[in-house]
>>> print(open('protein_24.txt').read())   # compact mmCIF, C-alpha atoms and all ligand atoms
# COMPACT_ATOMS: atom_id res chain seq x y z
CA MET A 9 -1.93 -24.75 23.38
CA ALA A 10 1.85 -25.04 23.58
CA ALA A 11 1.75 -27.76 20.93
CA LEU A 12 -0.25 -25.51 18.60
CA VAL A 13 2.21 -22.68 18.97
CA SER A 14 5.24 -24.82 18.25
CA ALA A 15 3.46 -26.39 15.28
CA SER A 16 2.78 -23.00 13.73
CA LEU A 17 6.33 -21.85 14.38
CA SER A 18 7.83 -24.80 12.61
CA SER A 19 5.47 -24.73 9.63
CA ALA A 20 6.16 -22.91 6.39
CA GLN A 21 4.88 -19.48 5.50
CA THR A 22 1.18 -19.00 4.76
CA THR A 23 0.22 -19.79 1.16
CA VAL A 24 -1.62 -16.94 -0.51
CA ALA A 25 -3.84 -18.17 -3.35
CA LEU A 26 -4.29 -16.45 -6.70
CA ARG A 27 -7.91 -15.57 -7.43
CA LYS A 28 -9.68 -15.90 -10.74
CA ASN A 29 -9.89 -12.47 -12.39
CA SER A 30 -12.15 -11.69 -15.37
CA PHE A 31 -9.74 -9.00 -16.57
CA THR A 32 -6.41 -9.68 -18.26
CA PRO A 33 -3.10 -8.49 -16.76
CA ALA A 34 -2.77 -6.19 -19.80
CA GLN A 35 -6.07 -4.57 -18.81
CA ASP A 36 -4.69 -4.04 -15.31
CA VAL A 37 -1.83 -2.09 -16.88
CA GLN A 38 -4.14 -0.14 -19.17
CA VAL A 39 -6.54 1.05 -16.46
CA GLY A 40 -3.75 1.58 -13.96
CA GLN A 41 -1.83 3.89 -16.31
CA ARG A 42 -4.95 5.94 -17.00
CA ALA A 43 -5.76 6.22 -13.33
CA ALA A 44 -2.13 7.16 -12.55
CA THR A 45 -2.29 10.02 -15.04
CA ASP A 46 -5.36 11.31 -13.21
CA ALA A 47 -3.69 10.93 -9.83
CA ARG A 48 -0.58 12.83 -10.96
CA ARG A 49 -2.73 15.61 -12.39
CA GLN A 50 -4.94 15.98 -9.33
CA LEU A 51 -2.58 15.44 -6.42
CA PRO A 52 0.40 17.63 -5.45
CA MET A 53 3.55 15.67 -6.25
CA LEU A 54 6.53 16.28 -3.96
CA ASN A 55 9.12 16.25 -6.79
CA ASP A 56 12.12 16.13 -4.47
CA GLY A 57 14.95 14.24 -6.18
CA PRO A 58 16.65 12.55 -3.21
CA THR A 59 13.32 11.60 -1.61
CA ASP A 60 11.98 10.18 -4.88
CA ALA A 61 15.25 8.29 -5.38
CA PHE A 62 15.01 6.74 -1.92
CA VAL A 63 11.42 5.58 -2.46
CA GLU A 64 12.27 4.30 -5.94
CA ARG A 65 15.16 2.27 -4.50
CA VAL A 66 12.97 0.65 -1.84
CA GLY A 67 10.26 -0.01 -4.43
CA ARG A 68 12.59 -1.63 -6.97
CA ARG A 69 14.07 -3.82 -4.29
CA LEU A 70 10.62 -5.03 -3.25
CA VAL A 71 9.50 -5.63 -6.87
CA ALA A 72 12.61 -7.74 -7.45
CA ALA A 73 11.63 -9.86 -4.43
CA VAL A 74 8.10 -10.74 -5.60
CA PRO A 75 7.82 -14.56 -5.67
CA ALA A 76 7.84 -15.97 -9.21
CA ARG A 77 4.25 -17.16 -9.25
CA PHE A 78 2.98 -13.62 -8.53
CA ARG A 79 5.09 -11.90 -11.20
CA HIS A 80 3.55 -10.26 -14.25
CA SER A 81 6.20 -9.35 -16.80
CA GLY A 82 4.06 -6.65 -18.44
CA PHE A 83 3.41 -4.67 -15.24
CA ARG A 84 4.86 -1.16 -15.22
CA TYR A 85 5.99 -0.15 -11.75
CA SER A 86 6.46 3.48 -10.76
CA PHE A 87 6.84 5.17 -7.39
CA ASP A 88 5.66 8.72 -6.72
CA VAL A 89 5.70 10.74 -3.52
CA VAL A 90 2.59 12.87 -2.94
CA ASN A 91 3.07 16.06 -0.93
CA LEU A 92 0.28 15.41 1.56
CA ARG A 93 0.53 15.21 5.33
CA GLU A 94 -1.50 12.08 6.04
CA ILE A 95 0.05 8.67 6.43
CA ASN A 96 -1.29 7.13 3.28
CA ALA A 97 -0.36 5.19 0.19
CA PHE A 98 -2.16 3.61 -2.69
CA ALA A 99 -1.20 1.49 -5.65
CA LEU A 100 -3.00 1.16 -8.96
CA PRO A 101 -3.44 -1.94 -11.12
CA GLY A 102 -0.42 -2.95 -13.13
CA GLY A 103 2.11 -1.09 -10.99
CA PRO A 104 1.87 2.67 -10.26
CA MET A 105 2.35 3.35 -6.53
CA PHE A 106 1.82 6.61 -4.67
CA LEU A 107 3.25 7.20 -1.22
CA HIS A 108 2.21 10.23 0.82
CA ARG A 109 4.99 12.31 2.32
CA GLY A 110 3.29 11.84 5.71
CA THR A 111 4.15 8.15 5.57
CA LEU A 112 7.86 8.95 5.24
CA GLN A 113 7.67 11.43 8.11
CA ALA A 114 5.85 9.03 10.42
CA ALA A 115 8.13 6.05 9.74
CA ARG A 116 11.01 5.43 12.11
CA THR A 117 13.10 3.24 9.83
CA ASP A 118 13.18 2.37 6.16
CA ASP A 119 11.83 -1.09 7.06
CA GLU A 120 8.64 0.71 8.11
CA VAL A 121 8.43 2.54 4.78
CA ALA A 122 9.09 -0.77 3.03
CA GLY A 123 6.24 -2.30 5.07
CA VAL A 124 3.63 0.07 3.68
CA MET A 125 5.04 -0.28 0.17
CA ALA A 126 5.20 -4.09 0.34
CA HIS A 127 1.54 -4.18 1.39
CA GLU A 128 0.61 -1.97 -1.58
CA LEU A 129 2.76 -4.05 -3.93
CA ALA A 130 0.99 -7.19 -2.74
CA HIS A 131 -2.37 -5.66 -3.72
CA VAL A 132 -0.89 -4.98 -7.19
CA VAL A 133 0.51 -8.45 -7.85
CA LEU A 134 -2.61 -10.11 -6.42
CA ARG A 135 -4.56 -7.83 -8.82
CA HIS A 136 -7.00 -6.76 -6.12
CA GLY A 137 -7.91 -3.53 -7.94
CA THR A 138 -9.48 -5.22 -10.95
CA LEU A 139 -10.88 -8.04 -8.81
CA GLN A 140 -12.63 -5.41 -6.73
CA ALA A 141 -13.86 -3.47 -9.75
CA SER A 142 -15.19 -6.57 -11.46
CA LYS A 143 -17.58 -7.05 -8.55
CA ALA A 144 -19.39 -3.90 -9.69
CA GLN A 145 -20.69 -5.36 -12.91
CA LYS A 146 -22.46 -2.29 -14.18
CA PHE A 147 -19.11 -0.68 -15.00
CA GLN A 148 -17.94 -1.00 -18.55
CA PHE A 149 -14.24 -1.41 -19.18
CA GLY A 150 -13.99 2.21 -20.39
CA ALA A 151 -15.15 3.51 -17.03
CA LEU A 152 -12.92 1.15 -15.14
CA ALA A 153 -10.00 3.50 -14.50
CA GLY A 154 -12.30 5.80 -12.59
CA GLN A 155 -13.88 2.93 -10.79
CA ILE A 156 -10.44 1.69 -9.82
CA ILE A 157 -9.61 4.96 -8.11
CA GLY A 158 -12.98 4.96 -6.42
CA SER A 159 -12.40 1.44 -5.22
CA ILE A 160 -8.95 1.73 -3.78
CA VAL A 161 -8.18 5.34 -2.91
CA GLY A 162 -10.26 6.25 0.08
CA GLY A 163 -11.03 9.37 2.02
CA ASN A 164 -10.14 12.90 0.99
CA THR A 165 -7.39 11.82 -1.39
CA GLY A 166 -9.80 9.76 -3.43
CA GLN A 167 -12.26 12.65 -3.54
CA ILE A 168 -9.62 15.11 -4.72
CA ILE A 169 -8.73 12.87 -7.63
CA ALA A 170 -12.42 12.36 -8.34
CA GLN A 171 -13.26 16.05 -8.59
CA SER A 172 -12.03 16.55 -12.10
CA SER A 173 -11.28 13.03 -13.17
CA GLN A 174 -10.86 12.59 -16.90
CA VAL A 175 -12.15 9.06 -16.74
CA GLY A 176 -15.62 9.41 -15.33
CA LEU A 177 -15.18 8.55 -11.70
CA GLY A 178 -18.47 7.90 -9.99
CA THR A 179 -19.15 8.23 -6.31
CA TYR A 180 -18.40 4.65 -5.52
CA PHE A 181 -15.99 4.87 -2.65
CA LEU A 182 -15.56 1.30 -1.68
CA LYS A 183 -12.68 -0.15 0.21
CA TYR A 184 -10.77 -3.38 0.08
CA GLY A 185 -12.46 -6.16 1.98
CA ARG A 186 -10.90 -7.80 4.98
CA GLU A 187 -9.87 -10.87 2.99
CA TYR A 188 -7.86 -8.80 0.49
CA GLU A 189 -6.28 -6.90 3.38
CA ARG A 190 -5.26 -10.12 5.07
CA GLU A 191 -3.70 -11.39 1.84
CA ALA A 192 -1.82 -8.12 1.28
CA ASP A 193 -0.47 -8.24 4.83
CA LEU A 194 0.74 -11.83 4.46
CA LEU A 195 2.20 -11.59 0.96
CA GLY A 196 3.58 -8.15 1.81
CA ALA A 197 5.41 -9.64 4.81
CA GLN A 198 6.79 -12.44 2.61
CA ILE A 199 8.01 -9.97 -0.03
CA MET A 200 9.66 -7.84 2.66
CA ALA A 201 11.57 -10.78 4.08
CA ARG A 202 12.74 -11.84 0.62
CA ALA A 203 13.92 -8.26 -0.03
CA GLY A 204 15.89 -8.12 3.23
CA TYR A 205 13.47 -6.01 5.29
CA ASP A 206 12.17 -7.15 8.67
CA PRO A 207 8.41 -7.76 8.28
CA ARG A 208 7.79 -7.02 11.95
CA HIS A 209 8.28 -3.38 11.02
CA MET A 210 5.19 -3.57 8.81
CA ALA A 211 3.23 -4.46 11.93
CA ASN A 212 4.90 -1.60 13.82
CA MET A 213 4.02 0.90 11.10
CA PHE A 214 0.40 -0.23 11.00
CA ARG A 215 0.23 0.19 14.76
CA THR A 216 1.54 3.76 14.38
CA ILE A 217 -1.17 4.40 11.78
CA ALA A 218 -3.88 2.98 14.04
CA GLN A 219 -2.68 5.07 16.96
CA GLN A 220 -2.89 8.25 14.89
CA GLY A 221 -6.56 7.51 14.32
CA GLY A 222 -8.16 10.29 16.31
CA GLY A 223 -11.67 11.49 15.54
CA ARG A 224 -11.71 11.25 11.78
CA GLY A 225 -9.51 8.18 11.49
CA PRO A 226 -6.46 7.98 9.29
CA GLU A 227 -6.95 8.07 5.54
CA TRP A 228 -5.03 4.87 5.00
CA LEU A 229 -7.44 2.85 7.11
CA SER A 230 -10.39 4.14 5.09
CA SER A 231 -9.16 2.11 2.11
CA HIS A 232 -7.18 -0.57 3.98
CA PRO A 233 -9.41 -1.71 6.87
CA ASP A 234 -7.87 -3.80 9.64
CA PRO A 235 -8.70 -7.43 8.82
CA GLY A 236 -8.64 -8.19 12.54
CA ASN A 237 -5.65 -8.79 14.84
CA ARG A 238 -3.46 -7.17 12.18
CA TYR A 239 -0.46 -6.60 14.43
CA ALA A 240 -0.45 -10.14 15.83
CA SER A 241 -1.09 -11.78 12.44
CA ILE A 242 1.79 -10.02 10.73
CA ASN A 243 4.13 -10.86 13.59
CA ARG A 244 3.02 -14.50 13.50
CA GLU A 245 3.81 -14.62 9.78
CA ALA A 246 7.11 -12.81 10.39
CA SER A 247 8.12 -15.49 12.89
CA MET A 248 7.95 -18.08 10.09
CA LEU A 249 10.02 -16.04 7.63
CA ARG A 250 13.74 -15.77 7.21
CA VAL A 251 14.88 -12.22 6.41
CA ALA A 252 17.28 -12.46 3.45
CA GLY A 253 20.09 -10.03 4.21
CA ALA A 254 19.79 -6.52 5.59
CA ALA A 255 18.25 -3.95 3.27
CA ASN A 256 17.77 -1.36 5.98
CA THR A 257 20.02 1.58 5.08
CA GLY A 258 19.67 3.73 8.17
CA ALA A 259 21.71 6.71 7.02
CA SER A 260 19.97 7.38 3.71
CA PHE A 261 16.54 7.28 5.33
CA THR A 262 17.71 9.59 8.12
CA SER A 263 18.89 12.04 5.49
CA VAL A 264 15.51 11.91 3.68
CA ARG A 265 13.72 12.53 6.96
CA SER A 266 15.84 15.56 7.81
CA ARG A 267 15.28 16.99 4.30
CA LEU A 268 11.52 16.64 4.74
CA ALA A 269 11.67 18.27 8.15
CA ARG A 270 13.40 21.33 6.63
CA ILE A 271 11.01 22.05 3.74
CA ALA A 272 7.55 23.61 4.14
CA PRO A 273 5.08 21.23 5.80
CA ALA A 274 2.74 19.34 3.49
CA PRO A 275 -0.94 20.34 3.46
CA SER A 276 -3.50 17.84 4.66
CA ALA A 277 -5.78 16.28 2.08
CA GLN A 278 -8.68 18.11 3.72
CA GLN A 279 -6.95 21.50 3.34
CA LEU A 280 -6.24 20.71 -0.29
CA ALA A 281 -9.85 19.70 -0.93
CA ARG A 282 -11.09 22.97 0.62
CA ARG A 283 -8.85 25.08 -1.63
CA ARG A 284 -10.44 23.75 -4.79
ZN ZN A 301 -4.51 -2.84 1.84
>>> encode(input="protein_24.txt", output="structure tokens", more="lines below")
Ligand SMILES: [Zn+2]
Amino acid sequence: MAALVSASLSSAQTTVALRKNSFTPAQDVQVGQRAATDARRQLPMLNDGPTDAFVERVGRRLVAAVPARFRHSGFRYSFDVVNLREINAFALPGGPMFLHRGTLQAARTDDEVAGVMAHELAHVVLRHGTLQASKAQKFQFGALAGQIIGSIVGGNTGQIIAQSSQVGLGTYFLKYGREYEREADLLGAQIMARAGYDPRHMANMFRTIAQQGGGRGPEWLSSHPDPGNRYASINREASMLRVAGAANTGASFTSVRSRLARIAPAPSAQQLARRR
């Protein structure tokens, strides 16, 4: 047992393989942009300058740290904050990422915010959205943007976007499989370390999310199921990674958190769904 542990500690990081995808990266961008337009129309955006700037800064730093073999030069990254209470986040093919305000308010450090975002970014660069959609072969490319949202935005948030989707969203609320989740955790941890964030904080944030489960379960877990031993697996990967520098800002995240605590609380996705 001891030999196994030391062997894994001294070995390199886990290799995440690229999967064969029947869509082109340009199609990822095309469907992702259409789905993002729907999401921005249907969800309440926070539109708070300093908060958006903070999230944008973390996002850009992570994108710059994506390993070369996972980069797609045509991807169009954007980072929006949704004014909803739940801890949640989702990212669409080709780059658009949406982070719920509840995630910022539940995180203790900016490494924890970066953890959720790095996981989402890993789904984007691994092109899990179109891989997932291509499993449902009855969907034509034209209906794909809707299918994408149905595939990767779970729970109430997904349903809100679906209600008046311009792109023909069906009722196919799938979720990422455990294998995609495992890959996003591992590659997300690697991206974090390269960007200067401590990947162990991704594990901490996911534990916070799991603990907030309660009766209905957190929204985030409805689209990002635990692949099994999530906390231990991320920490095992983290132990093999060298964190490049210190991206954690401390003060600027504290200032974002105190801003958010002062403005009116965000509605829950359920409250928002009931109002419509
Ligand atoms: Zn995920």
>>> residues_near_ligand(input="protein_24.txt", ligand="ligand ZN 301 (chain A)", cutoff="6 Å", atoms="all atoms listed in the file", output="VMD selection string")
chain A and resid 189 192 232
>>> closest_residue(input="protein_24.txt", among="A:Ala114, A:Ile199, A:Ala218, A:Ala269", to="Arg250 in chain A", atoms="all atoms listed in the file")
A:Ile199
>>> atom_distance(input="protein_24.txt", atom1="CA of Val132 in chain A", atom2="CA of Thr262 in chain A")
28.2 Å
>>> closest_residue(input="protein_24.txt", among="A:Arg42, A:Val37, A:His209, A:Asp119", to="Ser81 in chain A", atoms="all atoms listed in the file")
A:Val37
>>> residues_around(input="protein_24.txt", residues="range 234-246 of chain A", least_positions_apart="3", cutoff="6 Å", atoms="all atoms listed in the file", output="list in words")
Arg186, Glu189, Arg190, Pro207, Arg208, Ala211 and Leu249 of chain A
>>> closest_residue(input="protein_24.txt", among="A:Ser276, A:Gln219, A:Ser260, A:Ser266", to="Phe62 in chain A", atoms="all atoms listed in the file")
A:Ser260
>>> residues_around(input="protein_24.txt", residues="Met200 in chain A", least_positions_apart="6", cutoff="12 Å", atoms="all atoms listed in the file", output="JSON, numbers by chain")
{"A": [66, 67, 68, 69, 70, 71, 72, 73, 74, 75, 118, 119, 120, 121, 122, 123, 124, 125, 126, 127, 128, 129, 130, 192, 193, 194, 206, 207, 208, 209, 210, 211, 242, 245, 246, 249, 250, 251, 252, 253, 254, 255, 256]}
>>> write_last_selection(input="protein_24.txt", atoms="C-alpha atoms", output="CSV table (one decimal), in the coordinates of the input")
chain,number,residue,atom,x,y,z
A,66,VAL,CA,13.0,0.6,-1.8
A,67,GLY,CA,10.3,0.0,-4.4
A,68,ARG,CA,12.6,-1.6,-7.0
A,69,ARG,CA,14.1,-3.8,-4.3
A,70,LEU,CA,10.6,-5.0,-3.2
A,71,VAL,CA,9.5,-5.6,-6.9
A,72,ALA,CA,12.6,-7.7,-7.4
A,73,ALA,CA,11.6,-9.9,-4.4
A,74,VAL,CA,8.1,-10.7,-5.6
A,75,PRO,CA,7.8,-14.6,-5.7
A,118,ASP,CA,13.2,2.4,6.2
A,119,ASP,CA,11.8,-1.1,7.1
A,120,GLU,CA,8.6,0.7,8.1
A,121,VAL,CA,8.4,2.5,4.8
A,122,ALA,CA,9.1,-0.8,3.0
A,123,GLY,CA,6.2,-2.3,5.1
A,124,VAL,CA,3.6,0.1,3.7
A,125,MET,CA,5.0,-0.3,0.2
A,126,ALA,CA,5.2,-4.1,0.3
A,127,HIS,CA,1.5,-4.2,1.4
A,128,GLU,CA,0.6,-2.0,-1.6
A,129,LEU,CA,2.8,-4.0,-3.9
A,130,ALA,CA,1.0,-7.2,-2.7
A,192,ALA,CA,-1.8,-8.1,1.3
A,193,ASP,CA,-0.5,-8.2,4.8
A,194,LEU,CA,0.7,-11.8,4.5
A,206,ASP,CA,12.2,-7.2,8.7
A,207,PRO,CA,8.4,-7.8,8.3
A,208,ARG,CA,7.8,-7.0,12.0
A,209,HIS,CA,8.3,-3.4,11.0
A,210,MET,CA,5.2,-3.6,8.8
A,211,ALA,CA,3.2,-4.5,11.9
A,242,ILE,CA,1.8,-10.0,10.7
A,245,GLU,CA,3.8,-14.6,9.8
A,246,ALA,CA,7.1,-12.8,10.4
A,249,LEU,CA,10.0,-16.0,7.6
A,250,ARG,CA,13.7,-15.8,7.2
A,251,VAL,CA,14.9,-12.2,6.4
A,252,ALA,CA,17.3,-12.5,3.4
A,253,GLY,CA,20.1,-10.0,4.2
A,254,ALA,CA,19.8,-6.5,5.6
A,255,ALA,CA,18.2,-4.0,3.3
A,256,ASN,CA,17.8,-1.4,6.0
>>> closest_residue(input="protein_24.txt", among="A:Ala141, A:Met53, A:Ala61, A:Ala201", to="Arg93 in chain A", atoms="all atoms listed in the file")
A:Met53
>>> closest_residue(input="protein_24.txt", among="A:Ile271, A:Leu112, A:Leu280, A:Leu139", to="Pro52 in chain A", atoms="all atoms listed in the file")
A:Leu280
>>> residues_around(input="protein_24.txt", residues="Ala34 in chain A", least_positions_apart="6", cutoff="12 Å", atoms="all atoms listed in the file", output="VMD selection string")
chain A and resid 40 to 41 80 to 84 101 to 103 135 138
>>> axis_aligned_box(input="protein_24.txt", around="range 50-58 of chain A", padding_each_side="5 Å", output="AutoDock Vina command-line options")
--center_x 5.9 --center_y 15.1 --center_z -6.3 --size_x 31.6 --size_y 15.1 --size_z 16.1
>>> closest_residue(input="protein_24.txt", among="A:Val24, A:Ala47, A:Met248, A:Val90", to="Glu191 in chain A", atoms="all atoms listed in the file")
A:Val24
>>> atom_distance(input="protein_24.txt", atom1="CA of Arg109 in chain A", atom2="CA of Asn91 in chain A")
5.3 Å
